[in-house]
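Chemist: The following file, model-v1.cif, comprises mmCIF, C-alpha atoms:
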data_query
#
loop_
_atom_site.group_PDB
_atom_site.id
_atom_site.type_symbol
_atom_site.label_atom_id
_atom_site.label_comp_id
_atom_site.auth_asym_id
_atom_site.auth_seq_id
_atom_site.Cartn_x
_atom_site.Cartn_y
_atom_site.Cartn_z
ATOM 1 C CA GLN R 23 26.582 2.815 -6.461
ATOM 2 C CA LYS R 24 24.341 2.426 -3.434
ATOM 3 C CA GLU R 25 22.447 -0.819 -3.101
ATOM 4 C CA VAL R 26 19.165 0.906 -2.330
ATOM 5 C CA GLU R 27 18.325 4.497 -3.215
ATOM 6 C CA GLN R 28 15.492 6.655 -1.994
ATOM 7 C CA ASN R 29 14.699 10.320 -2.389
ATOM 8 C CA SER R 30 15.484 11.720 1.041
ATOM 9 C CA GLY R 31 12.778 14.355 0.721
ATOM 10 C CA PRO R 32 11.336 15.946 2.679
ATOM 11 C CA LEU R 33 8.039 15.097 1.029
ATOM 12 C CA SER R 34 5.042 17.129 2.126
ATOM 13 C CA VAL R 35 1.451 16.279 1.309
ATOM 14 C CA PRO R 36 -1.829 17.702 2.592
ATOM 15 C CA GLU R 37 -4.018 15.595 4.828
ATOM 16 C CA GLY R 38 -6.213 13.276 2.784
ATOM 17 C CA ALA R 39 -3.891 13.209 -0.230
ATOM 18 C CA ILE R 40 -1.923 10.298 -1.630
ATOM 19 C CA ALA R 41 1.738 10.108 -0.650
ATOM 20 C CA SER R 42 4.010 8.319 -3.100
ATOM 21 C CA LEU R 43 7.387 7.021 -1.941
ATOM 22 C CA ASN R 44 9.886 5.508 -4.343
ATOM 23 C CA CYS R 45 12.874 3.206 -4.090
ATOM 24 C CA THR R 46 15.293 1.711 -6.598
ATOM 25 C CA TYR R 47 17.741 -1.110 -5.996
ATOM 26 C CA SER R 48 20.830 -2.340 -7.781
ATOM 27 C CA ASP R 49 20.934 -6.119 -7.181
ATOM 28 C CA ARG R 50 18.845 -7.822 -9.857
ATOM 29 C CA VAL R 51 18.623 -11.094 -7.934
ATOM 30 C CA SER R 52 16.777 -9.461 -5.037
ATOM 31 C CA GLN R 53 13.627 -11.350 -4.137
ATOM 32 C CA SER R 54 12.272 -9.728 -0.980
ATOM 33 C CA PHE R 55 11.324 -6.115 -0.452
ATOM 34 C CA PHE R 56 10.121 -4.293 2.631
ATOM 35 C CA TRP R 57 8.832 -0.920 3.722
ATOM 36 C CA TYR R 58 9.462 0.234 7.276
ATOM 37 C CA ARG R 59 8.202 3.346 9.032
ATOM 38 C CA GLN R 60 10.414 5.084 11.549
ATOM 39 C CA TYR R 61 9.144 7.827 13.794
ATOM 40 C CA SER R 62 11.703 10.261 15.149
ATOM 41 C CA GLY R 63 13.593 8.682 18.036
ATOM 42 C CA LYS R 64 11.964 5.281 17.504
ATOM 43 C CA SER R 65 13.000 2.053 15.839
ATOM 44 C CA PRO R 66 11.760 0.944 12.413
ATOM 45 C CA GLU R 67 8.424 -0.837 12.292
ATOM 46 C CA LEU R 68 7.362 -3.043 9.404
ATOM 47 C CA ILE R 69 4.584 -1.733 7.191
ATOM 48 C CA MET R 70 4.606 -4.184 4.310
ATOM 49 C CA SER R 71 6.586 -6.811 2.500
ATOM 50 C CA ILE R 72 6.278 -7.636 -1.187
ATOM 51 C CA TYR R 73 7.797 -10.458 -3.190
ATOM 52 C CA SER R 74 6.006 -10.563 -6.566
ATOM 53 C CA ASN R 75 5.640 -8.044 -9.355
ATOM 54 C CA GLY R 76 2.515 -5.944 -9.139
ATOM 55 C CA ASP R 77 0.566 -4.353 -6.339
ATOM 56 C CA LYS R 78 -0.060 -5.460 -2.786
ATOM 57 C CA GLU R 79 -2.622 -3.616 -0.719
ATOM 58 C CA ASP R 80 -2.990 -3.454 3.052
ATOM 59 C CA GLY R 81 -5.483 -0.918 4.300
ATOM 60 C CA ARG R 82 -4.379 2.549 3.223
ATOM 61 C CA PHE R 83 -1.004 1.244 2.063
ATOM 62 C CA THR R 84 -0.158 -0.177 -1.367
ATOM 63 C CA ALA R 85 3.259 -1.519 -2.266
ATOM 64 C CA GLN R 86 4.197 -1.782 -5.915
ATOM 65 C CA LEU R 87 7.045 -3.874 -7.288
ATOM 66 C CA ASN R 88 8.580 -3.881 -10.744
ATOM 67 C CA LYS R 89 11.577 -6.209 -10.831
ATOM 68 C CA ALA R 90 12.372 -5.473 -14.473
ATOM 69 C CA SER R 91 12.839 -1.810 -13.610
ATOM 70 C CA GLN R 92 14.303 -2.614 -10.161
ATOM 71 C CA TYR R 93 11.788 -0.337 -8.585
ATOM 72 C CA VAL R 94 9.547 -0.576 -5.555
ATOM 73 C CA SER R 95 7.143 2.049 -4.295
ATOM 74 C CA LEU R 96 4.760 2.689 -1.444
ATOM 75 C CA LEU R 97 1.509 4.601 -1.800
ATOM 76 C CA ILE R 98 -0.291 5.935 1.251
ATOM 77 C CA ARG R 99 -3.906 6.864 0.568
ATOM 78 C CA ASP R 100 -5.880 9.329 2.668
ATOM 79 C CA SER R 101 -2.681 10.491 4.350
ATOM 80 C CA GLN R 102 -2.992 11.428 8.013
ATOM 81 C CA PRO R 103 -0.757 13.605 10.197
ATOM 82 C CA SER R 104 0.119 10.414 12.101
ATOM 83 C CA ASP R 105 1.748 9.121 8.902
ATOM 84 C CA SER R 106 4.450 11.788 9.258
ATOM 85 C CA ALA R 107 7.649 9.776 9.651
ATOM 86 C CA THR R 108 10.674 8.521 7.755
ATOM 87 C CA TYR R 109 9.959 5.593 5.453
ATOM 88 C CA LEU R 110 12.731 3.102 4.859
ATOM 89 C CA CYS R 111 12.924 0.792 1.883
ATOM 90 C CA ALA R 112 14.766 -2.491 2.507
ATOM 91 C CA VAL R 113 15.894 -5.122 0.045
ATOM 92 C CA ASN R 114 16.968 -8.670 0.827
ATOM 93 C CA PRO R 115 19.072 -9.970 -2.086
ATOM 94 C CA GLN R 116 19.918 -13.268 -0.443
ATOM 95 C CA GLY R 117 20.712 -14.816 2.886
ATOM 96 C CA ASN R 118 20.389 -12.560 5.897
ATOM 97 C CA GLN R 119 21.753 -9.334 4.489
ATOM 98 C CA PHE R 120 19.228 -6.517 4.363
ATOM 99 C CA TYR R 121 20.147 -3.342 2.500
ATOM 100 C CA PHE R 122 18.321 -0.244 3.673
ATOM 101 C CA GLY R 123 17.834 3.015 1.848
ATOM 102 C CA THR R 124 18.517 6.259 3.648
ATOM 103 C CA GLY R 125 14.799 6.870 4.011
ATOM 104 C CA THR R 126 12.277 9.439 2.805
ATOM 105 C CA SER R 127 10.961 11.932 5.312
ATOM 106 C CA LEU R 128 7.198 12.435 4.933
ATOM 107 C CA THR R 129 5.222 15.271 6.475
ATOM 108 C CA VAL R 130 1.433 15.274 6.260
ATOM 109 C CA ILE R 131 0.089 18.775 6.690
ATOM 110 C CA PRO R 132 -3.257 19.077 8.502
ATOM 111 C CA SER P 29 5.789 -10.861 15.503
ATOM 112 C CA ALA P 30 8.029 -11.239 18.563
ATOM 113 C CA VAL P 31 8.220 -8.723 21.390
ATOM 114 C CA ILE P 32 11.766 -7.401 21.621
ATOM 115 C CA SER P 33 13.274 -5.387 24.445
ATOM 116 C CA GLN P 34 16.655 -3.726 24.730
ATOM 117 C CA LYS P 35 18.576 -2.421 27.702
ATOM 118 C CA PRO P 36 19.676 0.268 28.249
ATOM 119 C CA SER P 37 17.404 2.467 26.168
ATOM 120 C CA ARG P 38 20.030 5.204 26.201
ATOM 121 C CA ASP P 39 23.366 5.957 27.773
ATOM 122 C CA ILE P 40 26.033 8.613 27.840
ATOM 123 C CA CYS P 41 29.544 7.206 28.118
ATOM 124 C CA GLN P 42 33.081 8.470 28.366
ATOM 125 C CA ARG P 43 35.674 7.916 25.674
ATOM 126 C CA GLY P 44 37.683 4.708 26.158
ATOM 127 C CA THR P 45 35.025 2.855 28.128
ATOM 128 C CA SER P 46 32.813 -0.047 27.013
ATOM 129 C CA LEU P 47 29.061 -0.553 27.042
ATOM 130 C CA THR P 48 27.131 -3.798 26.785
ATOM 131 C CA ILE P 49 23.676 -3.699 25.238
ATOM 132 C CA GLN P 50 21.190 -6.476 25.913
ATOM 133 C CA CYS P 51 18.479 -7.754 23.596
ATOM 134 C CA GLN P 52 15.728 -10.003 24.935
ATOM 135 C CA VAL P 53 12.989 -11.642 22.858
ATOM 136 C CA ASP P 54 9.792 -13.110 24.284
ATOM 137 C CA SER P 55 10.002 -16.232 22.128
ATOM 138 C CA GLN P 56 12.635 -18.366 20.488
ATOM 139 C CA VAL P 57 13.829 -16.901 17.203
ATOM 140 C CA THR P 58 15.939 -18.342 14.446
ATOM 141 C CA MET P 59 18.102 -15.329 13.726
ATOM 142 C CA MET P 60 19.228 -12.268 15.677
ATOM 143 C CA PHE P 61 21.068 -9.296 14.230
ATOM 144 C CA TRP P 62 22.721 -6.099 15.405
ATOM 145 C CA TYR P 63 22.500 -2.865 13.447
ATOM 146 C CA ARG P 64 23.871 0.622 13.833
ATOM 147 C CA GLN P 65 22.081 3.773 12.748
ATOM 148 C CA GLN P 66 24.314 6.819 12.854
ATOM 149 C CA PRO P 67 22.749 10.279 12.960
ATOM 150 C CA GLY P 68 20.988 11.055 9.708
ATOM 151 C CA GLN P 69 22.036 7.742 8.190
ATOM 152 C CA SER P 70 20.325 4.520 7.337
ATOM 153 C CA LEU P 71 20.752 1.194 9.082
ATOM 154 C CA THR P 72 23.998 -0.735 8.735
ATOM 155 C CA LEU P 73 24.267 -4.385 9.694
ATOM 156 C CA ILE P 74 27.061 -4.982 12.206
ATOM 157 C CA ALA P 75 26.776 -8.738 12.608
ATOM 158 C CA THR P 76 24.567 -11.790 12.813
ATOM 159 C CA ALA P 77 24.468 -13.233 16.323
ATOM 160 C CA ASN P 78 24.767 -17.003 16.089
ATOM 161 C CA GLN P 79 23.517 -19.170 18.912
ATOM 162 C CA GLY P 80 26.341 -21.250 20.344
ATOM 163 C CA SER P 81 29.034 -19.973 17.997
ATOM 164 C CA GLU P 82 30.924 -16.850 17.049
ATOM 165 C CA ALA P 83 29.002 -14.018 15.436
ATOM 166 C CA THR P 84 29.293 -13.345 11.716
ATOM 167 C CA TYR P 85 30.582 -9.813 11.168
ATOM 168 C CA GLU P 86 29.998 -7.591 8.155
ATOM 169 C CA SER P 87 32.788 -5.820 6.362
ATOM 170 C CA GLY P 88 34.149 -2.980 8.447
ATOM 171 C CA PHE P 89 33.161 -4.452 11.802
ATOM 172 C CA VAL P 90 35.437 -6.605 13.965
ATOM 173 C CA ILE P 91 34.978 -8.776 17.003
ATOM 174 C CA ASP P 92 37.496 -6.866 19.114
ATOM 175 C CA LYS P 93 35.454 -3.688 18.768
ATOM 176 C CA PHE P 94 31.968 -5.232 18.828
ATOM 177 C CA PRO P 95 32.017 -8.535 20.723
ATOM 178 C CA ILE P 96 28.663 -10.313 20.567
ATOM 179 C CA SER P 97 27.226 -13.148 22.586
ATOM 180 C CA ARG P 98 24.144 -15.255 22.017
ATOM 181 C CA PRO P 99 23.886 -17.885 24.738
ATOM 182 C CA ASN P 100 20.373 -19.048 23.772
ATOM 183 C CA LEU P 101 17.564 -18.495 21.263
ATOM 184 C CA THR P 102 16.011 -15.530 23.082
ATOM 185 C CA PHE P 103 18.941 -13.371 24.221
ATOM 186 C CA SER P 104 21.960 -11.591 22.799
ATOM 187 C CA THR P 105 24.402 -8.905 23.849
ATOM 188 C CA LEU P 106 26.476 -6.423 21.877
ATOM 189 C CA THR P 107 29.442 -4.707 23.499
ATOM 190 C CA VAL P 108 30.828 -1.492 22.091
ATOM 191 C CA SER P 109 34.446 -1.474 23.239
ATOM 192 C CA ASN P 110 36.964 1.315 23.736
ATOM 193 C CA MET P 111 34.400 3.851 22.650
ATOM 194 C CA SER P 112 35.074 7.071 20.784
ATOM 195 C CA PRO P 113 32.662 9.880 19.831
ATOM 196 C CA GLU P 114 32.348 8.255 16.388
ATOM 197 C CA ASP P 115 30.526 5.369 18.067
ATOM 198 C CA SER P 116 27.671 7.682 19.026
ATOM 199 C CA SER P 117 24.739 6.064 17.326
ATOM 200 C CA ILE P 118 21.540 4.113 17.785
ATOM 201 C CA TYR P 119 22.170 0.396 18.137
ATOM 202 C CA LEU P 120 19.311 -1.875 17.139
ATOM 203 C CA CYS P 121 18.665 -5.532 17.674
ATOM 204 C CA SER P 122 16.497 -7.307 15.115
ATOM 205 C CA VAL P 123 15.117 -10.820 14.773
ATOM 206 C CA LYS P 124 13.738 -13.156 12.185
ATOM 207 C CA THR P 125 11.046 -15.540 13.316
ATOM 208 C CA GLY P 126 10.033 -18.923 11.979
ATOM 209 C CA GLY P 127 10.403 -19.428 8.269
ATOM 210 C CA THR P 128 9.947 -15.826 7.203
ATOM 211 C CA ASP P 129 12.646 -13.478 5.991
ATOM 212 C CA THR P 130 11.060 -10.455 7.624
ATOM 213 C CA GLN P 131 13.084 -8.668 10.287
ATOM 214 C CA TYR P 132 11.527 -7.022 13.332
ATOM 215 C CA PHE P 133 13.404 -4.436 15.336
ATOM 216 C CA GLY P 134 13.820 -3.793 19.012
ATOM 217 C CA PRO P 135 13.332 -0.280 20.428
ATOM 218 C CA GLY P 136 17.022 0.579 20.085
ATOM 219 C CA THR P 137 19.746 1.900 22.361
ATOM 220 C CA ARG P 138 20.785 5.517 21.882
ATOM 221 C CA LEU P 139 24.465 5.845 22.739
ATOM 222 C CA THR P 140 26.315 9.115 23.142
ATOM 223 C CA VAL P 141 30.064 9.051 23.658
ATOM 224 C CA LEU P 142 31.709 12.166 25.057
#
What is this structure when it is put down as structure tokens?
Modeler:
Amino acid sequence: QKEVEQNSGPLSVPEGAIASLNCTYSDRVSQSFFWYRQYSGKSPELIMSIYSNGDKEDGRFTAQLNKASQYVSLLIRDSQPSDSATYLCAVNPQGNQFYFGTGTSLTVIP
Amino acid sequence: SAVISQKPSRDICQRGTSLTIQCQVDSQVTMMFWYRQQPGQSLTLIATANQGSEATYESGFVIDKFPISRPNLTFSTLTVSNMSPEDSSIYLCSVKTGGTDTQYFGPGTRLTVL
């Protein structure tokens, strides 16, 4: 069983719509969760971190965490073509080890 | 967050040779890491670069193949030794700063082995 699982997509949404990206993880003791965006040919850049159950909003981005269900999601409101990228979910169970999902490819259609 | 640079940004190498990748940070950081991202795959941690001591390698990665140095708190190198085409990948340096557990990534080194 993979540590972190994401739907690889591709996910396509029209411009202005809400994009919903999902991630599940296997290690119940995980405490830290991250979403990274990776444009083609570039390195991952941090979008958000979340540590507590519930929602965390930052601009057009909302991260949602449900530790009981071992589920973390990212919502992108008012999606823009510039949001087209691969989104990586990362989980930090303990120490320095980060487990990354394989990423979900998002395309925002103008 | 810290500003991270890597050199080279890309290289094409012959089988059996070695390449050393440099990672430079603009401020002192507590932790530095090296990752590999193979084509179409996610990121895999190779090792934690420890300042003043041997790196800590993850399962499946060994020092003879991926020697790492970290002479100070702002600089590290990763060498990919005796390369084969299977080593073709993007190699990424990442850092943790201060008391956070967030990792920030350098721009990466795209390596192609022929």
Chemist: When you look at range 119-122 of chain P with a cut-off of 10 Å (counting all atoms listed in the file), what residues show up, excluding the ones that are within fewer than 2 positions of it in the same chain? I need them as a PDB file with C-alpha atoms, keeping the file's coordinate frame.
Modeler:
ATOM      1  CA  SER R  65      13.000   2.053  15.839  1.00  0.00           C
ATOM      2  CA  PRO R  66      11.760   0.944  12.413  1.00  0.00           C
TER       3      PRO R  66
ATOM      4  CA  ALA P  30       8.029 -11.239  18.563  1.00  0.00           C
ATOM      5  CA  ILE P  32      11.766  -7.401  21.621  1.00  0.00           C
ATOM      6  CA  SER P  33      13.274  -5.387  24.445  1.00  0.00           C
ATOM      7  CA  GLN P  34      16.655  -3.726  24.730  1.00  0.00           C
ATOM      8  CA  SER P  37      17.404   2.467  26.168  1.00  0.00           C
ATOM      9  CA  ARG P  38      20.030   5.204  26.201  1.00  0.00           C
ATOM     10  CA  ILE P  49      23.676  -3.699  25.238  1.00  0.00           C
ATOM     11  CA  GLN P  50      21.190  -6.476  25.913  1.00  0.00           C
ATOM     12  CA  CYS P  51      18.479  -7.754  23.596  1.00  0.00           C
ATOM     13  CA  GLN P  52      15.728 -10.003  24.935  1.00  0.00           C
ATOM     14  CA  VAL P  53      12.989 -11.642  22.858  1.00  0.00           C
ATOM     15  CA  MET P  59      18.102 -15.329  13.726  1.00  0.00           C
ATOM     16  CA  MET P  60      19.228 -12.268  15.677  1.00  0.00           C
ATOM     17  CA  PHE P  61      21.068  -9.296  14.230  1.00  0.00           C
ATOM     18  CA  TRP P  62      22.721  -6.099  15.405  1.00  0.00           C
ATOM     19  CA  TYR P  63      22.500  -2.865  13.447  1.00  0.00           C
ATOM     20  CA  ARG P  64      23.871   0.622  13.833  1.00  0.00           C
ATOM     21  CA  GLN P  65      22.081   3.773  12.748  1.00  0.00           C
ATOM     22  CA  GLN P  66      24.314   6.819  12.854  1.00  0.00           C
ATOM     23  CA  LEU P  71      20.752   1.194   9.082  1.00  0.00           C
ATOM     24  CA  THR P  72      23.998  -0.735   8.735  1.00  0.00           C
ATOM     25  CA  LEU P  73      24.267  -4.385   9.694  1.00  0.00           C
ATOM     26  CA  ILE P  74      27.061  -4.982  12.206  1.00  0.00           C
ATOM     27  CA  THR P  76      24.567 -11.790  12.813  1.00  0.00           C
ATOM     28  CA  ALA P  77      24.468 -13.233  16.323  1.00  0.00           C
ATOM     29  CA  SER P 104      21.960 -11.591  22.799  1.00  0.00           C
ATOM     30  CA  THR P 105      24.402  -8.905  23.849  1.00  0.00           C
ATOM     31  CA  LEU P 106      26.476  -6.423  21.877  1.00  0.00           C
ATOM     32  CA  VAL P 108      30.828  -1.492  22.091  1.00  0.00           C
ATOM     33  CA  ASP P 115      30.526   5.369  18.067  1.00  0.00           C
ATOM     34  CA  SER P 116      27.671   7.682  19.026  1.00  0.00           C
ATOM     35  CA  SER P 117      24.739   6.064  17.326  1.00  0.00           C
ATOM     36  CA  LYS P 124      13.738 -13.156  12.185  1.00  0.00           C
ATOM     37  CA  THR P 130      11.060 -10.455   7.624  1.00  0.00           C
ATOM     38  CA  GLN P 131      13.084  -8.668  10.287  1.00  0.00           C
ATOM     39  CA  TYR P 132      11.527  -7.022  13.332  1.00  0.00           C
ATOM     40  CA  PHE P 133      13.404  -4.436  15.336  1.00  0.00           C
ATOM     41  CA  GLY P 134      13.820  -3.793  19.012  1.00  0.00           C
ATOM     42  CA  PRO P 135      13.332  -0.280  20.428  1.00  0.00           C
ATOM     43  CA  GLY P 136      17.022   0.579  20.085  1.00  0.00           C
ATOM     44  CA  THR P 137      19.746   1.900  22.361  1.00  0.00           C
ATOM     45  CA  ARG P 138      20.785   5.517  21.882  1.00  0.00           C
ATOM     46  CA  LEU P 139      24.465   5.845  22.739  1.00  0.00           C
TER      47      LEU P 139
END
Chemist: For Val57 in chain P, find every residue with an atom within 7 Å (counting only C-alpha atoms), except residues of its own chain fewer than 2 positions away, and show them as a VMD selection string.
Modeler: chain P and resid 55 59 101 to 102 123 to 126
Chemist: Work out how far apart CA of Arg98 in chain P and CA of Gly127 in chain P are and give it in Å to one decimal.
Modeler: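 CA of Gly127 in chain P lies 19.9 Å from CA of Arg98 in chain P.
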Chemist: Convert the output of the PyMOL selection byres ((chain R) within 10 of (chain P)) on the shown file into explicit residues, formatted as a ChimeraX atom specification.
Modeler: /R:54-56,58,63-68,70-71,110-112,114,116-125
Chemist: Grab the CA of Gly76 in chain R to CA of Leu96 in chain R distance for me, in Å with one decimal place.
Modeler: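 CA of Leu96 in chain R lies at a distance of 11.8 Å from CA of Gly76 in chain R.
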Chemist: From the set P:Asp54, P:Thr48, P:Asn78, P:Gln42, which residue has the shortest atom-to-atom contact distance to Pro99 in chain P, counting all atoms listed in the file?
Modeler: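 Selected residue with least distance to Pro99 in chain P: P:Asn78.
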Chemist: Could you state the separation of CA of Gly38 in chain R and CA of Gly81 in chain R in Å, given to one decimal place?
Modeler: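 Pair CA of Gly38 in chain R / CA of Gly81 in chain R returns 14.3 Å.
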Chemist: Evaluate the PyMOL selection byres ((chain P and resi 111) around 8) against this structure - the residues, as a PyMOL selection string, please.
Modeler: chain P and resi 42-46+108-110+112-115+141
Chemist: Please evaluate the PyMOL selection byres ((chain R and resi 28) around 6) against the structure above and give the resulting residues as a PyMOL selection string.
Modeler: chain R and resi 27+29-30+45+123
Chemist: In the coordinate frame of the file, compute which residues have an atom within 9 Å of (36.2, -6.3, 19.6) when using all atoms listed in the file, and state them as an MDAnalysis selection string.
Modeler: chainID P and resid 89:96 107:110
Chemist: With only C-alpha atoms as the basis for distance, which of R:Val113, R:Leu97, R:Val130, R:Ala107 is at the shortest distance from Ile40 in chain R?
Modeler: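 Smallest distance to Ile40 in chain R is found for R:Leu97.
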Chemist: Check the smallest atom-to-atom distance from each of R:Val51, R:Ile98, R:Ile72, R:Ile131 to Pro36 in chain R using all atoms listed in the file, then report the winner.
Modeler: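 Selected residue with least distance to Pro36 in chain R: R:Ile131.
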Chemist: Which residue is closest to Asp49 in chain R? Choose from R:Gln92, R:Ser101, R:Thr84, R:Ser34 and count only C-alpha atoms.
Modeler: R:Gln92
Chemist: Since fewer atoms than expected are present, regenerate all heavy atoms for range 33-41 of chain R and write them as a short mmCIF file (atom, residue, chain, number, x, y, z; two decimals), in the coordinates of the input.
Modeler:
data_model
loop_
_atom_site.label_atom_id
_atom_site.label_comp_id
_atom_site.auth_asym_id
_atom_site.auth_seq_id
_atom_site.Cartn_x
_atom_site.Cartn_y
_atom_site.Cartn_z
N LEU R 33 9.23 15.13 1.84
CA LEU R 33 8.04 15.10 1.03
C LEU R 33 6.89 15.59 1.90
O LEU R 33 6.68 15.09 3.00
CB LEU R 33 7.77 13.66 0.56
CG LEU R 33 6.46 13.40 -0.18
CD1 LEU R 33 6.46 14.14 -1.51
CD2 LEU R 33 6.27 11.90 -0.39
N SER R 34 6.18 16.58 1.39
CA SER R 34 5.04 17.13 2.13
C SER R 34 3.78 16.94 1.31
O SER R 34 3.77 17.25 0.12
CB SER R 34 5.25 18.62 2.41
OG SER R 34 6.33 18.83 3.29
N VAL R 35 2.74 16.44 1.97
CA VAL R 35 1.45 16.28 1.31
C VAL R 35 0.37 16.78 2.26
O VAL R 35 0.53 16.71 3.49
CB VAL R 35 1.16 14.81 0.91
CG1 VAL R 35 2.22 14.29 -0.06
CG2 VAL R 35 1.05 13.93 2.14
N PRO R 36 -0.72 17.28 1.71
CA PRO R 36 -1.83 17.70 2.59
C PRO R 36 -2.59 16.49 3.11
O PRO R 36 -2.60 15.42 2.48
CB PRO R 36 -2.70 18.56 1.67
CG PRO R 36 -2.39 18.08 0.30
CD PRO R 36 -0.97 17.61 0.31
N GLU R 37 -3.20 16.66 4.24
CA GLU R 37 -4.02 15.60 4.83
C GLU R 37 -5.08 15.15 3.83
O GLU R 37 -5.71 15.97 3.17
CB GLU R 37 -4.67 16.10 6.11
CG GLU R 37 -5.47 15.05 6.85
CD GLU R 37 -5.99 15.54 8.19
OE1 GLU R 37 -5.63 16.68 8.59
OE2 GLU R 37 -6.73 14.81 8.85
N GLY R 38 -5.23 13.83 3.70
CA GLY R 38 -6.21 13.28 2.78
C GLY R 38 -5.68 12.96 1.40
O GLY R 38 -6.32 12.25 0.63
N ALA R 39 -4.49 13.45 1.09
CA ALA R 39 -3.89 13.21 -0.23
C ALA R 39 -3.18 11.86 -0.26
O ALA R 39 -3.08 11.16 0.74
CB ALA R 39 -2.91 14.33 -0.56
N ILE R 40 -2.71 11.52 -1.46
CA ILE R 40 -1.92 10.30 -1.63
C ILE R 40 -0.43 10.65 -1.57
O ILE R 40 0.02 11.55 -2.28
CB ILE R 40 -2.23 9.61 -2.98
CG1 ILE R 40 -3.68 9.15 -3.03
CG2 ILE R 40 -1.28 8.43 -3.20
CD1 ILE R 40 -4.09 8.57 -4.38
N ALA R 41 0.29 9.94 -0.71
CA ALA R 41 1.74 10.11 -0.65
C ALA R 41 2.38 8.97 -1.43
O ALA R 41 2.00 7.81 -1.27
CB ALA R 41 2.23 10.10 0.80
#
